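Structure file start02.cif; described as mmCIF, C-alpha atoms (C1' of nucleotides) and all ligand atoms.
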data_model
#
loop_
_atom_site.label_atom_id
_atom_site.label_comp_id
_atom_site.auth_asym_id
_atom_site.auth_seq_id
_atom_site.Cartn_x
_atom_site.Cartn_y
_atom_site.Cartn_z
CA MET A 1 3.43 -6.44 -7.97
CA PRO A 2 6.24 -4.13 -8.84
CA PHE A 3 7.46 -5.74 -12.00
CA ALA A 4 5.78 -6.64 -15.22
CA ASN A 5 7.19 -9.93 -16.37
CA THR A 6 7.52 -8.97 -19.96
CA GLU A 7 11.28 -9.08 -20.19
CA ILE A 8 13.34 -12.11 -21.03
CA PRO A 9 15.76 -13.05 -18.27
CA GLY A 10 19.28 -12.79 -19.61
CA LYS A 11 18.57 -9.59 -21.44
CA PHE A 12 21.10 -7.71 -19.32
CA GLN A 13 23.80 -10.14 -20.32
CA ALA A 14 23.00 -9.74 -23.98
CA LEU A 15 22.97 -5.97 -23.75
CA LEU A 16 26.28 -5.85 -21.93
CA ALA A 17 27.87 -8.30 -24.34
CA GLU A 18 26.76 -6.11 -27.23
CA ARG A 19 28.69 -3.29 -25.68
CA GLY A 20 31.81 -5.35 -25.18
CA ILE A 21 31.48 -5.57 -21.41
CA ARG A 22 33.20 -8.59 -19.90
CA MET A 23 30.95 -11.12 -18.24
CA THR A 24 31.96 -12.73 -14.96
CA GLU A 25 30.38 -15.19 -12.57
CA GLN A 26 29.90 -12.37 -10.10
CA ARG A 27 28.15 -10.16 -12.59
CA ARG A 28 25.99 -13.01 -13.78
CA ALA A 29 24.83 -13.57 -10.21
CA ILE A 30 24.09 -9.90 -9.63
CA LEU A 31 22.26 -9.51 -12.93
CA ASN A 32 20.24 -12.59 -12.13
CA VAL A 33 19.23 -11.21 -8.75
CA ILE A 34 18.12 -7.90 -10.20
CA GLU A 35 16.34 -9.42 -13.17
CA THR A 36 14.30 -11.82 -11.08
CA ALA A 37 13.60 -9.55 -8.11
CA LYS A 38 9.94 -9.15 -7.29
CA ARG A 39 10.50 -6.00 -5.30
CA HIS A 40 12.88 -3.09 -5.07
CA LEU A 41 16.20 -4.11 -3.55
CA ASP A 42 18.93 -2.05 -1.99
CA ALA A 43 22.63 -2.77 -2.46
CA GLY A 44 22.87 -4.82 0.73
CA GLN A 45 19.96 -7.00 -0.29
CA VAL A 46 21.42 -7.49 -3.74
CA LEU A 47 24.68 -8.56 -2.11
CA ARG A 48 23.06 -11.08 0.20
CA ARG A 49 21.04 -12.64 -2.59
CA ALA A 50 23.93 -12.70 -5.02
CA ARG A 51 26.07 -14.47 -2.41
CA LYS A 52 23.65 -17.35 -2.41
CA LEU A 53 24.55 -17.87 -6.05
CA GLU A 54 28.21 -16.93 -5.83
CA PRO A 55 29.40 -16.86 -2.22
CA SER A 56 32.68 -15.09 -2.84
CA ILE A 57 31.13 -11.85 -4.08
CA ASP A 58 32.35 -8.74 -2.36
CA ARG A 59 30.37 -5.66 -1.44
CA SER A 60 32.47 -3.44 -3.64
CA THR A 61 31.73 -5.61 -6.65
CA VAL A 62 28.04 -5.10 -6.08
CA TYR A 63 28.49 -1.35 -5.95
CA ARG A 64 30.69 -1.38 -9.02
CA THR A 65 28.18 -3.46 -10.94
CA LEU A 66 25.28 -1.28 -9.89
CA GLY A 67 27.29 1.70 -11.10
CA LEU A 68 27.91 -0.03 -14.40
CA LEU A 69 24.25 -0.85 -14.90
CA LYS A 70 23.28 2.68 -13.98
CA ARG A 71 25.75 4.19 -16.42
CA HIS A 72 24.40 1.96 -19.17
CA GLY A 73 20.84 2.93 -18.34
CA LEU A 74 19.79 -0.61 -17.51
CA ILE A 75 18.62 0.08 -13.98
CA ASP A 76 17.07 2.98 -12.16
CA GLU A 77 18.02 4.19 -8.72
CA LEU A 78 15.29 5.15 -6.30
CA ASP A 79 14.95 6.68 -2.86
CA LEU A 80 11.45 5.43 -2.13
CA MET A 81 11.28 8.30 0.32
CA HIS A 82 13.93 6.62 2.49
CA LEU A 83 11.20 4.99 4.53
CA ASP A 84 13.75 2.65 6.03
CA GLY A 85 17.24 4.08 6.31
CA GLU A 86 19.30 5.87 3.74
CA ALA A 87 19.93 3.15 1.21
CA HIS A 88 19.01 3.50 -2.42
CA TYR A 89 16.90 1.00 -4.25
CA TYR A 90 17.37 -0.45 -7.67
CA GLU A 91 15.11 -1.90 -10.30
CA ARG A 92 15.61 -2.87 -13.84
CA LYS A 93 14.47 -0.34 -16.36
CA LEU A 94 11.56 -1.41 -18.49
CA ASN A 95 10.33 0.00 -21.75
CA ARG A 96 8.14 2.48 -19.93
CA ASP A 97 8.98 4.67 -16.96
CA HIS A 98 6.77 4.38 -13.95
CA ILE A 99 6.04 6.55 -10.98
CA HIS A 100 6.69 5.37 -7.43
CA LEU A 101 4.28 6.12 -4.64
CA ALA A 102 5.44 5.43 -1.12
CA CYS A 103 2.92 5.41 1.69
CA LEU A 104 4.43 7.31 4.60
CA ARG A 105 2.29 5.37 7.06
CA CYS A 106 2.36 1.74 6.03
CA GLY A 107 5.39 1.83 3.76
CA LYS A 108 3.64 0.25 0.83
CA ILE A 109 5.17 1.01 -2.56
CA THR A 110 2.79 1.47 -5.47
CA GLU A 111 3.77 1.82 -9.09
CA PHE A 112 1.85 3.83 -11.62
CA VAL A 113 2.17 4.36 -15.34
CA SER A 114 0.79 7.51 -16.91
CA ASP A 115 0.60 9.05 -20.35
CA LEU A 116 0.55 12.43 -18.70
CA PHE A 117 3.99 11.63 -17.33
CA GLU A 118 5.23 10.89 -20.82
CA SER A 119 3.81 14.21 -22.06
CA LEU A 120 5.44 16.03 -19.19
CA LYS A 121 8.81 14.58 -20.11
CA GLU A 122 8.31 15.68 -23.70
CA GLN A 123 7.40 19.14 -22.53
CA ILE A 124 10.57 19.30 -20.46
CA GLU A 125 12.74 18.16 -23.35
CA ASN A 126 11.23 20.84 -25.56
CA ASP A 127 10.87 23.76 -23.17
CA CYS A 128 14.18 23.23 -21.39
CA GLN A 129 16.15 22.00 -24.38
CA TYR A 130 17.08 18.98 -22.36
CA GLN A 131 17.98 15.49 -23.34
CA ILE A 132 16.52 13.30 -20.62
CA ALA A 133 18.44 10.21 -19.55
CA VAL A 134 16.65 9.42 -16.30
CA ALA A 135 13.32 10.61 -15.01
CA ARG A 136 12.43 9.83 -11.46
CA LEU A 137 9.10 10.79 -10.00
CA GLU A 138 8.64 9.74 -6.41
CA ILE A 139 5.61 10.54 -4.35
CA GLY A 140 5.25 10.35 -0.61
CA GLY A 141 1.80 10.35 0.85
CA CYS A 142 -0.98 8.30 2.26
CA CYS A 143 -2.42 5.30 0.45
CA SER A 144 -6.12 4.46 0.27
CA ASN A 145 -5.78 1.62 2.80
CA CYS A 146 -4.33 3.92 5.40
CA ARG A 147 -6.97 6.56 5.03
CA THR A 148 -10.03 4.48 5.81
CA MET B 1 18.45 31.10 -9.83
CA PRO B 2 16.99 28.37 -7.78
CA PHE B 3 14.72 30.34 -5.52
CA ALA B 4 11.99 32.82 -6.20
CA ASN B 5 12.30 35.59 -3.66
CA THR B 6 8.62 35.85 -2.97
CA GLU B 7 8.68 34.64 0.61
CA ILE B 8 9.19 36.78 3.67
CA PRO B 9 12.24 35.74 5.66
CA GLY B 10 11.16 34.64 9.10
CA LYS B 11 8.18 32.75 7.77
CA PHE B 12 9.57 29.48 9.10
CA GLN B 13 9.75 30.92 12.57
CA ALA B 14 6.18 32.10 12.41
CA LEU B 15 4.94 28.76 11.13
CA LEU B 16 6.76 26.81 13.81
CA ALA B 17 5.58 29.17 16.56
CA GLU B 18 2.00 28.66 15.36
CA ARG B 19 2.46 24.98 15.94
CA GLY B 20 3.90 25.43 19.39
CA ILE B 21 7.44 24.49 18.44
CA ARG B 22 10.10 25.94 20.72
CA MET B 23 12.46 28.43 19.11
CA THR B 24 16.16 28.36 19.92
CA GLU B 25 19.21 30.27 18.78
CA GLN B 26 20.37 27.19 16.93
CA ARG B 27 17.12 26.75 15.09
CA ARG B 28 17.00 30.41 14.25
CA ALA B 29 20.43 30.12 12.67
CA ILE B 30 19.51 27.03 10.66
CA LEU B 31 16.21 28.48 9.49
CA ASN B 32 18.00 31.63 8.47
CA VAL B 33 20.53 29.68 6.43
CA ILE B 34 17.85 27.72 4.61
CA GLU B 35 15.58 30.69 4.05
CA THR B 36 18.31 32.81 2.53
CA ALA B 37 20.15 30.11 0.58
CA LYS B 38 20.56 30.89 -3.09
CA ARG B 39 21.21 27.29 -4.02
CA HIS B 40 20.45 23.80 -2.78
CA LEU B 41 22.42 22.94 0.34
CA ASP B 42 23.22 19.60 1.88
CA ALA B 43 23.30 18.99 5.63
CA GLY B 44 27.05 19.61 5.89
CA GLN B 45 26.78 22.93 4.11
CA VAL B 46 23.87 23.97 6.29
CA LEU B 47 25.97 23.13 9.33
CA ARG B 48 28.96 25.15 8.19
CA ARG B 49 26.88 28.19 7.37
CA ALA B 50 24.83 27.97 10.54
CA ARG B 51 28.03 27.83 12.60
CA LYS B 52 28.99 31.23 11.30
CA LEU B 53 25.89 32.58 12.99
CA GLU B 54 25.95 30.34 16.04
CA PRO B 55 29.33 28.63 16.40
CA SER B 56 28.28 26.08 18.98
CA ILE B 57 25.81 24.26 16.75
CA ASP B 58 26.29 20.53 16.53
CA ARG B 59 25.84 18.31 13.53
CA SER B 60 23.06 16.34 15.19
CA THR B 61 21.09 19.51 15.79
CA VAL B 62 21.18 20.24 12.10
CA TYR B 63 19.90 16.77 11.28
CA ARG B 64 17.23 17.01 13.93
CA THR B 65 16.11 20.38 12.65
CA LEU B 66 16.06 19.22 9.05
CA GLY B 67 13.93 16.29 10.18
CA LEU B 68 11.58 18.64 11.95
CA LEU B 69 11.20 20.88 8.93
CA LYS B 70 10.63 17.89 6.71
CA ARG B 71 7.95 16.47 9.00
CA HIS B 72 6.21 19.81 8.98
CA GLY B 73 6.37 20.02 5.23
CA LEU B 74 8.43 23.22 5.24
CA ILE B 75 11.35 21.87 3.25
CA ASP B 76 11.83 19.33 0.51
CA GLU B 77 14.60 16.80 0.32
CA LEU B 78 16.32 16.17 -3.01
CA ASP B 79 18.89 13.84 -4.48
CA LEU B 80 19.85 16.00 -7.46
CA MET B 81 21.01 12.77 -9.04
CA HIS B 82 23.79 12.49 -6.45
CA LEU B 83 26.14 14.26 -8.83
CA ASP B 84 28.59 14.82 -6.00
CA GLY B 85 28.49 12.20 -3.28
CA GLU B 86 25.54 10.72 -1.49
CA ALA B 87 24.29 13.68 0.48
CA HIS B 88 20.75 14.92 0.21
CA TYR B 89 19.88 18.49 -0.54
CA TYR B 90 17.31 20.70 1.04
CA GLU B 91 15.29 23.68 -0.06
CA ARG B 92 12.40 25.52 1.41
CA LYS B 93 9.07 24.56 -0.01
CA LEU B 94 7.37 27.29 -1.96
CA ASN B 95 3.74 27.61 -2.95
CA ARG B 96 4.37 25.67 -6.11
CA ASP B 97 6.32 22.46 -6.63
CA HIS B 98 9.07 22.55 -9.18
CA ILE B 99 10.95 19.97 -11.14
CA HIS B 100 14.71 19.58 -10.83
CA LEU B 101 16.86 18.91 -13.86
CA ALA B 102 20.46 17.89 -13.22
CA CYS B 103 22.90 17.92 -16.09
CA LEU B 104 24.97 14.77 -15.87
CA ARG B 105 27.84 16.46 -17.68
CA CYS B 106 28.28 19.93 -16.24
CA GLY B 107 26.34 19.43 -13.02
CA LYS B 108 24.11 22.43 -13.54
CA ILE B 109 20.78 22.30 -11.75
CA THR B 110 17.78 23.76 -13.53
CA GLU B 111 14.35 24.29 -12.06
CA PHE B 112 11.14 24.10 -14.00
CA VAL B 113 7.53 24.74 -13.16
CA SER B 114 4.81 23.05 -15.17
CA ASP B 115 1.04 22.92 -15.17
CA LEU B 116 1.29 19.47 -16.63
CA PHE B 117 3.06 18.41 -13.47
CA GLU B 118 0.18 19.74 -11.41
CA SER B 119 -2.29 17.80 -13.57
CA LEU B 120 -0.24 14.68 -13.22
CA LYS B 121 -0.34 14.95 -9.44
CA GLU B 122 -4.10 15.39 -9.59
CA GLN B 123 -4.39 12.34 -11.80
CA ILE B 124 -2.35 10.34 -9.32
CA GLU B 125 -4.47 11.46 -6.39
CA ASN B 126 -7.61 10.42 -8.25
CA ASP B 127 -6.52 7.25 -9.99
CA CYS B 128 -4.48 5.86 -7.10
CA GLN B 129 -6.67 7.17 -4.32
CA TYR B 130 -3.62 8.77 -2.84
CA GLN B 131 -3.18 11.80 -0.66
CA ILE B 132 0.09 13.33 -1.79
CA ALA B 133 2.36 14.93 0.79
CA VAL B 134 5.56 15.22 -1.24
CA ALA B 135 6.11 15.01 -4.97
CA ARG B 136 9.64 14.88 -6.20
CA LEU B 137 10.42 14.81 -9.90
CA GLU B 138 14.11 14.72 -10.66
CA ILE B 139 15.55 14.49 -14.12
CA GLY B 140 19.05 13.53 -15.10
CA GLY B 141 20.22 14.34 -18.59
CA CYS B 142 22.11 16.69 -20.76
CA CYS B 143 21.47 20.43 -20.76
CA SER B 144 21.46 22.60 -23.86
CA ASN B 145 24.88 24.09 -23.10
CA CYS B 146 26.52 20.70 -23.01
CA ARG B 147 25.02 19.52 -26.26
CA THR B 148 26.36 22.24 -28.54
"C1'" DA C 1 12.00 33.62 40.04
"C1'" DT C 2 10.59 28.90 39.43
"C1'" DC C 3 9.53 24.80 37.02
"C1'" DT C 4 8.66 21.61 33.35
"C1'" DT C 5 10.02 19.73 29.49
"C1'" DA C 6 11.80 20.19 24.94
"C1'" DA C 7 16.11 20.87 22.67
"C1'" DT C 8 21.07 20.65 22.67
"C1'" DG C 9 25.97 18.93 22.65
"C1'" DC C 10 28.68 15.23 22.98
"C1'" DG C 11 30.25 10.86 22.01
"C1'" DA C 12 29.74 6.58 20.11
"C1'" DC C 13 27.81 4.16 16.60
"C1'" DA C 14 25.92 1.78 12.22
"C1'" DG C 15 25.37 1.98 7.55
"C1'" DT C 16 26.45 3.33 2.89
"C1'" DG C 17 29.40 3.93 -0.55
"C1'" DT C 18 34.49 4.66 -2.43
"C1'" DC C 19 39.21 3.67 -3.57
"C1'" DG C 20 44.00 1.83 -4.29
"C1'" DC C 21 46.36 -2.10 -4.96
"C1'" DA C 22 47.74 -6.78 -5.57
"C1'" DT C 23 45.64 -10.85 -7.62
"C1'" DT C 24 42.61 -13.34 -10.71
"C1'" DA C 25 40.32 -14.68 -14.65
"C1'" DA C 26 37.70 -13.22 -19.42
"C1'" DG C 27 38.07 -13.65 -23.72
"C1'" DA C 28 40.81 -12.35 -27.78
"C1'" DT C 29 44.80 -14.13 -30.54
"C1'" DC C 30 47.44 -17.48 -32.14
"C1'" DG D 1 44.48 -25.65 -25.86
"C1'" DA D 2 48.13 -22.40 -24.36
"C1'" DT D 3 49.37 -17.51 -24.13
"C1'" DC D 4 48.63 -12.77 -23.32
"C1'" DT D 5 46.42 -8.42 -22.27
"C1'" DT D 6 43.63 -6.04 -19.61
"C1'" DA D 7 39.39 -5.61 -17.24
"C1'" DA D 8 37.28 -7.12 -13.04
"C1'" DT D 9 37.64 -8.81 -8.40
"C1'" DG D 10 38.56 -9.18 -3.29
"C1'" DC D 11 40.40 -7.11 0.36
"C1'" DG D 12 41.25 -3.63 3.47
"C1'" DA D 13 41.05 0.90 4.81
"C1'" DC D 14 38.58 4.84 4.56
"C1'" DA D 15 35.28 9.03 4.42
"C1'" DC D 16 30.96 10.45 4.93
"C1'" DT D 17 26.10 10.58 6.21
"C1'" DG D 18 22.91 10.07 9.42
"C1'" DT D 19 21.24 8.20 14.22
"C1'" DC D 20 20.81 7.66 19.15
"C1'" DG D 21 21.20 7.71 24.31
"C1'" DC D 22 22.21 10.44 27.89
"C1'" DA D 23 23.52 14.18 30.81
"C1'" DT D 24 23.05 19.15 30.57
"C1'" DT D 25 20.94 23.47 29.18
"C1'" DA D 26 17.65 26.80 28.29
"C1'" DA D 27 12.59 28.10 26.37
"C1'" DG D 28 8.79 29.78 27.68
"C1'" DA D 29 4.76 28.99 30.61
"C1'" DT D 30 3.29 29.84 35.38
ZN ZN E 201 9.55 0.30 -9.55
ZN ZN E 202 18.82 9.57 -2.02
ZN ZN E 203 -0.46 2.99 3.49
ZN ZN E 204 14.77 23.60 -6.19
#
Structure encoded using structure tokens:
Amino acid sequence: MPFANTEIPGKFQALLAERGIRMTEQRRAILNVIETAKRHLDAGQVLRRARKLEPSIDRSTVYRTLGLLKRHGLIDELDLMHLDGEAHYYERKLNRDHIHLACLRCGKITEFVSDLFESLKEQIENDCQYQIAVARLEIGGCCSNCRT
Amino acid sequence: MPFANTEIPGKFQALLAERGIRMTEQRRAILNVIETAKRHLDAGQVLRRARKLEPSIDRSTVYRTLGLLKRHGLIDELDLMHLDGEAHYYERKLNRDHIHLACLRCGKITEFVSDLFESLKEQIENDCQYQIAVARLEIGGCCSNCRT
DNA sequence: ATCTTAATGCGACAGTGTCGCATTAAGATC
DNA sequence: GATCTTAATGCGACACTGTCGCATTAAGAT
């Protein structure tokens, strides 16, 4: 289960409104898709789902909206080891970063939260004098199911 | 300086020979380019450089060779936050994994080695019962130069 | 020198993501 | 509610990345 359901749907809208971003039917549909997704979606999948809510939506609008959400730090972009093509995957950003593990055999995606990861980010900010905006840790390997 | 110069050039060739992989002029050129690169190169850049050594090389050969090296764990593939287009970047894998920091303002790429990162990977292997093949930690943020 | 088979070049292709431009509609102002 | 400004959209064209099938070439074993 990739997503903890601790966030109120509609939060994206509120956050964008706060920042004076115009809300449209198209954006509402896209935000809705991303907020309620139960797995990681690529741009094409977001488009197809959003079209069910708002059939006129164009591909470029999806890309522009994903860009907007990325710039505002509301979603994260992932590779998930490109197990299936070259698309990137998106997920809404929660309070806490998580690590993505992709099984190179069965393709299963596992998520993992770790305090050590938080410490590592702190170490980087201190040692490298960096201000971190996005931290993306992706692992490729072999899951326990596939090793038995 | 992205790469520690601790590796003998020609190591790729030796490793591939060990595994019974056929060596060609084209591969030699590509391996040479990657082994001697002083920064992270994308597939197009690898192609252009390899053509200087072996003008006949085709784009698909580069992709096929990069795929080969990836499968054999000799190179790592990076996004570097896609600061410039959607290409992926490649670098030869050294003894020790390193973290990539990409400054979202100036585009500078910084590399960082951390024991904490090694511990985190161990924790993941234990807690998630995972056998890690690739671990890619990429940070986007603001470097010290850009904050002053 | 011969032979097997892996690797290559070529061409065609699909997919991803971008952009300029004319049109539409959000939401502020009155 | 009508008007206005400007951001956002749809459309079309595009560039780029990466893939594949197939005929040809050449690696390296015999
Ligand atoms: Zn996730
Ligand atoms: Zn990527
Ligand atoms: Zn698996
Ligand atoms: Zn590096």
Q: Return as a list in words the residues of protein, DNA or RNA that approach ligand ZN 204 (chain E) to within 9 Å, with all atoms listed in the file taken into account.
A: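 The neighbouring residues of ligand ZN 204 (chain E) are, in order, Pro2, Phe3, Arg39, His40, Asp76, Leu78, Tyr90, Glu91, Arg92, Lys93, Asp97, His98, Ile99, His100, Ile109, Thr110, Glu111 and Phe112 of chain B.
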Selected residues written out, C-alpha atoms, as a JSON list (two decimals), in the frame of the given file:
[["chain", "number", "residue", "atom", "x", "y", "z"],
["B", 2, "PRO", "CA", 16.99, 28.37, -7.78],
["B", 3, "PHE", "CA", 14.72, 30.34, -5.52],
["B", 39, "ARG", "CA", 21.21, 27.29, -4.02],
["B", 40, "HIS", "CA", 20.45, 23.80, -2.78],
["B", 76, "ASP", "CA", 11.83, 19.33, 0.51],
["B", 78, "LEU", "CA", 16.32, 16.17, -3.01],
["B", 90, "TYR", "CA", 17.31, 20.70, 1.04],
["B", 91, "GLU", "CA", 15.29, 23.68, -0.06],
["B", 92, "ARG", "CA", 12.40, 25.52, 1.41],
["B", 93, "LYS", "CA", 9.07, 24.56, -0.01],
["B", 97, "ASP", "CA", 6.32, 22.46, -6.63],
["B", 98, "HIS", "CA", 9.07, 22.55, -9.18],
["B", 99, "ILE", "CA", 10.95, 19.97, -11.14],
["B", 100, "HIS", "CA", 14.71, 19.58, -10.83],
["B", 109, "ILE", "CA", 20.78, 22.30, -11.75],
["B", 110, "THR", "CA", 17.78, 23.76, -13.53],
["B", 111, "GLU", "CA", 14.35, 24.29, -12.06],
["B", 112, "PHE", "CA", 11.14, 24.10, -14.00]]
Q.
Considering only C-alpha atoms, can you say which of A:Leu41, A:Val46, A:Leu137, A:Leu116 comes closest to Asp84 of chain A?
A. A:Leu41
Q: List all protein, DNA and RNA residues that have any atom at most 9 Å from ligand ZN 203 (chain E), counting all atoms listed in the file, and write the list as number ranges by chain.
A: A: 102-109, 141-147
Go ahead and dump the residues you just picked, C-alpha atoms, as a PDB file, in the frame of the given file.
ATOM      1  CA  ALA A 102       5.440   5.430  -1.120  1.00  0.00           C
ATOM      2  CA  CYS A 103       2.920   5.410   1.690  1.00  0.00           C
ATOM      3  CA  LEU A 104       4.430   7.310   4.600  1.00  0.00           C
ATOM      4  CA  ARG A 105       2.290   5.370   7.060  1.00  0.00           C
ATOM      5  CA  CYS A 106       2.360   1.740   6.030  1.00  0.00           C
ATOM      6  CA  GLY A 107       5.390   1.830   3.760  1.00  0.00           C
ATOM      7  CA  LYS A 108       3.640   0.250   0.830  1.00  0.00           C
ATOM      8  CA  ILE A 109       5.170   1.010  -2.560  1.00  0.00           C
ATOM      9  CA  GLY A 141       1.800  10.350   0.850  1.00  0.00           C
ATOM     10  CA  CYS A 142      -0.980   8.300   2.260  1.00  0.00           C
ATOM     11  CA  CYS A 143      -2.420   5.300   0.450  1.00  0.00           C
ATOM     12  CA  SER A 144      -6.120   4.460   0.270  1.00  0.00           C
ATOM     13  CA  ASN A 145      -5.780   1.620   2.800  1.00  0.00           C
ATOM     14  CA  CYS A 146      -4.330   3.920   5.400  1.00  0.00           C
ATOM     15  CA  ARG A 147      -6.970   6.560   5.030  1.00  0.00           C
TER      16      ARG A 147
END
**Q.** Option closest in space to ligand ZN 202 (chain E), from B:Ala50, B:Leu94, B:Leu83, B:Val113 [counting only C-alpha atoms and all ligand atoms]
**A.**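 That would be B:Leu83, the residue with the smallest distance to ligand ZN 202 (chain E).
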Dump as a PDB file with C-alpha atoms (C1' of nucleotides), in the coordinates of the input the residues of chain C that approach chain B to within 12 Å, counting all atoms listed in the file.
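What follows is the written file result23.pdb:
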ATOM      1  C1'  DT C   5      10.020  19.730  29.490  1.00  0.00           C
ATOM      2  C1'  DA C   6      11.800  20.190  24.940  1.00  0.00           C
ATOM      3  C1'  DA C   7      16.110  20.870  22.670  1.00  0.00           C
ATOM      4  C1'  DT C   8      21.070  20.650  22.670  1.00  0.00           C
ATOM      5  C1'  DG C   9      25.970  18.930  22.650  1.00  0.00           C
ATOM      6  C1'  DC C  10      28.680  15.230  22.980  1.00  0.00           C
ATOM      7  C1'  DG C  11      30.250  10.860  22.010  1.00  0.00           C
ATOM      8  C1'  DT C  16      26.450   3.330   2.890  1.00  0.00           C
ATOM      9  C1'  DG C  17      29.400   3.930  -0.550  1.00  0.00           C
ATOM     10  C1'  DT C  18      34.490   4.660  -2.430  1.00  0.00           C
TER      11       DT C  18
END
**Q.** 8 Å contacts from chain B to chain A using only C-alpha atoms, as a PyMOL selection string
**A.** chain B and resi 116-117+119-120+128-144
Q: Go through D:DA23, D:DA7, D:DA29, D:DC16 and flag the residue nearest chain B, using only C-alpha atoms (C1' of nucleotides) for the distances.
A: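 Counting only C-alpha atoms (C1' of nucleotides), the residue closest to chain B is D:DC16.
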**Q.** chain A contacts on chain D, all atoms listed in the file, 8 Å, as a ChimeraX atom specification
**A.** /D:7-10,18
So that I have them on file, write out the residues from the current selection with C-alpha atoms (C1' of nucleotides), as a compact mmCIF listing (two decimals), keeping the file's coordinate frame.
# COMPACT_ATOMS: atom_id res chain seq x y z
C1' DA D 7 39.39 -5.61 -17.24
C1' DA D 8 37.28 -7.12 -13.04
C1' DT D 9 37.64 -8.81 -8.40
C1' DG D 10 38.56 -9.18 -3.29
C1' DG D 18 22.91 10.07 9.42
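Counting all atoms listed in the file, the residue from B:Thr36, B:Glu118, B:Asp42, B:Thr65 that sits nearest to ligand ZN 202 (chain E) is B:Asp42.
From atom CA of His82 of chain A back to atom C1' of DT19 of chain D, the distance works out to 13.9 Å.
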**Q.** Separation of atom C1' of DT30 of chain D from atom CA of His72 of chain B in Å
**A.**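 So the answer is 28.4 Å.
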Q) If you measure from atom CA of Glu54 of chain A to atom CA of Ile34 of chain A, what distance in Å do you get, rounded to one decimal? A)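 Straight-line distance from atom CA of Glu54 of chain A to atom CA of Ile34 of chain A works out to 14.2 Å.
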Q | Distance criterion (all atoms listed in the file): nearest to ligand ZN 201 (chain E) out of A:Val33, A:Leu80, A:Tyr63, A:Phe12 | A | A:Leu80
